[in-house]
Amino acid sequence: MKRATIYFDDEIHKVLKMKSADISTPMSELVNDAVRAALLEDAEDLATFRERAEEPAIDFESFVFQLKKNGKL
């Protein structure tokens with residue numbers, strides 16, 4: 001495991017410290033879990049983008065026009 005210096009807003013540090021004490025888990029573990037969750041979400045988004053890469057693109061104006069034409073607006 002590597003050591004790093006991270007600067008938190010005062011409020012975030014306070015709530016992180018409180019949660020850490022409340023659930024008896026080190027702050028570093030809470031931060032690692034949060035970063036892992038964010039990276040996993042990014043990986044899932046990238047996978048979805050790859051899956052949908054071949055779908056035709058439609059611009060916003062055309063999409064809204066189609067909604068109106070089909071009575072959905």
# chains A, B, ... in the order shown; residues from 1 in each chain; ligands from 1

call {"tool": "select_by_dssp", "arguments": {"residues": "chain A", "states": "helix (DSSP H, G or I)", "output": "JSON, numbers by chain"}}
result
{"A": [10, 11, 12, 13, 14, 15, 16, 17, 18, 19, 20, 21, 22, 23, 27, 28, 29, 30, 31, 32, 33, 34, 35, 36, 37, 38, 39, 40, 41, 42, 43, 44, 45, 46, 47, 48, 49, 50, 51, 60, 61, 62, 63, 64, 65, 66, 67, 68, 69]}

call {"tool": "residues_around", "arguments": {"residues": "Lys17 (chain A)", "least_positions_apart": "4", "cutoff": "10 Å", "atoms": "only C-alpha atoms", "output": "NGL selection string"}}
result
:A and (11-13 or 21-22 or 25-27 or 30)

call {"tool": "write_last_selection", "arguments": {"atoms": "C-alpha atoms", "output": "PDB file, in the first residue's frame"}}
result
ATOM      1  CA  GLU A  11     -16.576  19.621   6.677  1.00  0.00           C
ATOM      2  CA  ILE A  12     -15.662  16.518   4.687  1.00  0.00           C
ATOM      3  CA  HIS A  13     -12.790  15.737   7.043  1.00  0.00           C
ATOM      4  CA  ALA A  21     -15.138   6.377  14.595  1.00  0.00           C
ATOM      5  CA  ASP A  22     -18.798   5.351  14.351  1.00  0.00           C
ATOM      6  CA  THR A  25     -13.023   1.657  10.238  1.00  0.00           C
ATOM      7  CA  PRO A  26      -9.875   3.635   9.420  1.00  0.00           C
ATOM      8  CA  MET A  27     -10.396   6.800   7.391  1.00  0.00           C
ATOM      9  CA  LEU A  30     -13.253   4.624   3.794  1.00  0.00           C
TER      10      LEU A  30
END

call {"tool": "residues_around", "arguments": {"residues": "Asn32 (chain A)", "least_positions_apart": "5", "cutoff": "12 Å", "atoms": "only C-alpha atoms", "output": "PyMOL selection string"}}
result
chain A and resi 1-4+6+25-27+37-39

call {"tool": "write_last_selection", "arguments": {"atoms": "N, CA and C atoms", "output": "PDB file, in the first residue's frame"}}
result
ATOM      1  N   MET A   1       0.852  -1.172   0.000  1.00  0.00           N
ATOM      2  CA  MET A   1       0.000   0.000   0.000  1.00  0.00           C
ATOM      3  C   MET A   1       0.901   1.239   0.000  1.00  0.00           C
ATOM      4  N   LYS A   2       0.496   2.268  -0.713  1.00  0.00           N
ATOM      5  CA  LYS A   2       1.249   3.520  -0.807  1.00  0.00           C
ATOM      6  C   LYS A   2       0.644   4.575   0.107  1.00  0.00           C
ATOM      7  N   ARG A   3       1.466   5.471   0.543  1.00  0.00           N
ATOM      8  CA  ARG A   3       1.038   6.579   1.395  1.00  0.00           C
ATOM      9  C   ARG A   3       0.950   7.833   0.535  1.00  0.00           C
ATOM     10  N   ALA A   4      -0.087   8.659   0.776  1.00  0.00           N
ATOM     11  CA  ALA A   4      -0.260   9.901   0.039  1.00  0.00           C
ATOM     12  C   ALA A   4      -0.826  10.970   0.975  1.00  0.00           C
ATOM     13  N   ILE A   6      -3.514  13.894   1.274  1.00  0.00           N
ATOM     14  CA  ILE A   6      -4.762  14.353   0.653  1.00  0.00           C
ATOM     15  C   ILE A   6      -5.317  15.494   1.500  1.00  0.00           C
ATOM     16  N   THR A  25     -13.760   1.921  11.475  1.00  0.00           N
ATOM     17  CA  THR A  25     -13.023   1.657  10.238  1.00  0.00           C
ATOM     18  C   THR A  25     -12.069   2.817   9.996  1.00  0.00           C
ATOM     19  N   PRO A  26     -10.822   2.536   9.662  1.00  0.00           N
ATOM     20  CA  PRO A  26      -9.875   3.635   9.420  1.00  0.00           C
ATOM     21  C   PRO A  26     -10.339   4.554   8.286  1.00  0.00           C
ATOM     22  N   MET A  27     -10.024   5.835   8.433  1.00  0.00           N
ATOM     23  CA  MET A  27     -10.396   6.800   7.391  1.00  0.00           C
ATOM     24  C   MET A  27      -9.805   6.399   6.054  1.00  0.00           C
ATOM     25  N   ALA A  37     -15.150   2.701  -5.651  1.00  0.00           N
ATOM     26  CA  ALA A  37     -16.527   2.787  -6.142  1.00  0.00           C
ATOM     27  C   ALA A  37     -16.622   3.774  -7.308  1.00  0.00           C
ATOM     28  N   ALA A  38     -15.951   4.908  -7.194  1.00  0.00           N
ATOM     29  CA  ALA A  38     -15.969   5.899  -8.269  1.00  0.00           C
ATOM     30  C   ALA A  38     -15.301   5.350  -9.533  1.00  0.00           C
ATOM     31  N   LEU A  39     -14.180   4.665  -9.371  1.00  0.00           N
ATOM     32  CA  LEU A  39     -13.487   4.089 -10.534  1.00  0.00           C
ATOM     33  C   LEU A  39     -14.289   2.964 -11.171  1.00  0.00           C
TER      34      LEU A  39
END

call {"tool": "decode", "arguments": {"residues": "region 40-71 of chain A", "atoms": "N, CA and C atoms", "output": "compact mmCIF listing (two decimals), in the first residue's frame"}}
result
# COMPACT_ATOMS: atom_id res chain seq x y z
N LEU A 40 -14.97 2.18 -10.36
CA LEU A 40 -15.83 1.12 -10.89
C LEU A 40 -16.97 1.71 -11.70
N GLU A 41 -17.54 2.79 -11.20
CA GLU A 41 -18.61 3.47 -11.93
C GLU A 41 -18.08 3.99 -13.27
N ASP A 42 -16.88 4.56 -13.26
CA ASP A 42 -16.27 5.03 -14.51
C ASP A 42 -16.06 3.87 -15.48
N ALA A 43 -15.59 2.74 -14.98
CA ALA A 43 -15.35 1.57 -15.83
C ALA A 43 -16.66 1.09 -16.45
N GLU A 44 -17.73 1.09 -15.65
CA GLU A 44 -19.03 0.67 -16.17
C GLU A 44 -19.52 1.64 -17.25
N ASP A 45 -19.33 2.94 -17.02
CA ASP A 45 -19.71 3.94 -18.03
C ASP A 45 -18.93 3.73 -19.32
N LEU A 46 -17.62 3.51 -19.21
CA LEU A 46 -16.81 3.29 -20.41
C LEU A 46 -17.24 2.04 -21.16
N ALA A 47 -17.59 0.99 -20.44
CA ALA A 47 -18.07 -0.24 -21.08
C ALA A 47 -19.37 0.04 -21.83
N THR A 48 -20.25 0.80 -21.24
CA THR A 48 -21.52 1.15 -21.89
C THR A 48 -21.26 1.98 -23.14
N PHE A 49 -20.34 2.93 -23.06
CA PHE A 49 -20.02 3.74 -24.24
C PHE A 49 -19.50 2.85 -25.37
N ARG A 50 -18.64 1.88 -25.03
CA ARG A 50 -18.12 0.96 -26.07
C ARG A 50 -19.26 0.15 -26.68
N GLU A 51 -20.16 -0.35 -25.84
CA GLU A 51 -21.27 -1.16 -26.34
C GLU A 51 -22.17 -0.37 -27.28
N ARG A 52 -22.31 0.92 -27.02
CA ARG A 52 -23.23 1.74 -27.80
C ARG A 52 -22.54 2.54 -28.90
N ALA A 53 -21.26 2.29 -29.13
CA ALA A 53 -20.48 3.07 -30.09
C ALA A 53 -21.04 2.99 -31.50
N GLU A 54 -21.67 1.88 -31.85
CA GLU A 54 -22.19 1.70 -33.21
C GLU A 54 -23.59 2.26 -33.41
N GLU A 55 -24.23 2.70 -32.32
CA GLU A 55 -25.57 3.27 -32.45
C GLU A 55 -25.50 4.60 -33.19
N PRO A 56 -26.51 4.88 -33.99
CA PRO A 56 -26.49 6.16 -34.70
C PRO A 56 -26.62 7.32 -33.71
N ALA A 57 -25.92 8.40 -33.98
CA ALA A 57 -25.98 9.59 -33.14
C ALA A 57 -27.14 10.47 -33.61
N ILE A 58 -27.80 11.11 -32.68
CA ILE A 58 -28.86 12.06 -33.02
C ILE A 58 -28.62 13.31 -32.18
N ASP A 59 -28.70 14.45 -32.83
CA ASP A 59 -28.46 15.68 -32.09
C ASP A 59 -29.71 16.05 -31.28
N PHE A 60 -29.52 16.90 -30.29
CA PHE A 60 -30.57 17.25 -29.36
C PHE A 60 -31.79 17.86 -30.05
N GLU A 61 -31.55 18.77 -30.98
CA GLU A 61 -32.66 19.43 -31.68
C GLU A 61 -33.52 18.43 -32.44
N SER A 62 -32.90 17.48 -33.12
CA SER A 62 -33.64 16.45 -33.85
C SER A 62 -34.41 15.55 -32.90
N PHE A 63 -33.81 15.23 -31.77
CA PHE A 63 -34.46 14.38 -30.79
C PHE A 63 -35.72 15.05 -30.24
N VAL A 64 -35.61 16.33 -29.89
CA VAL A 64 -36.77 17.05 -29.37
C VAL A 64 -37.84 17.17 -30.45
N PHE A 65 -37.44 17.41 -31.67
CA PHE A 65 -38.40 17.50 -32.78
C PHE A 65 -39.15 16.17 -32.93
N GLN A 66 -38.44 15.05 -32.85
CA GLN A 66 -39.07 13.72 -32.95
C GLN A 66 -40.06 13.50 -31.81
N LEU A 67 -39.70 13.90 -30.60
CA LEU A 67 -40.61 13.76 -29.46
C LEU A 67 -41.90 14.54 -29.71
N LYS A 68 -41.74 15.77 -30.20
CA LYS A 68 -42.91 16.60 -30.47
C LYS A 68 -43.75 16.00 -31.58
N LYS A 69 -43.10 15.54 -32.65
CA LYS A 69 -43.79 14.92 -33.78
C LYS A 69 -44.58 13.69 -33.35
N ASN A 70 -44.03 12.90 -32.42
CA ASN A 70 -44.68 11.69 -31.97
C ASN A 70 -45.66 11.92 -30.82
N GLY A 71 -45.91 13.21 -30.49
CA GLY A 71 -46.88 13.55 -29.45
C GLY A 71 -46.40 13.27 -28.04
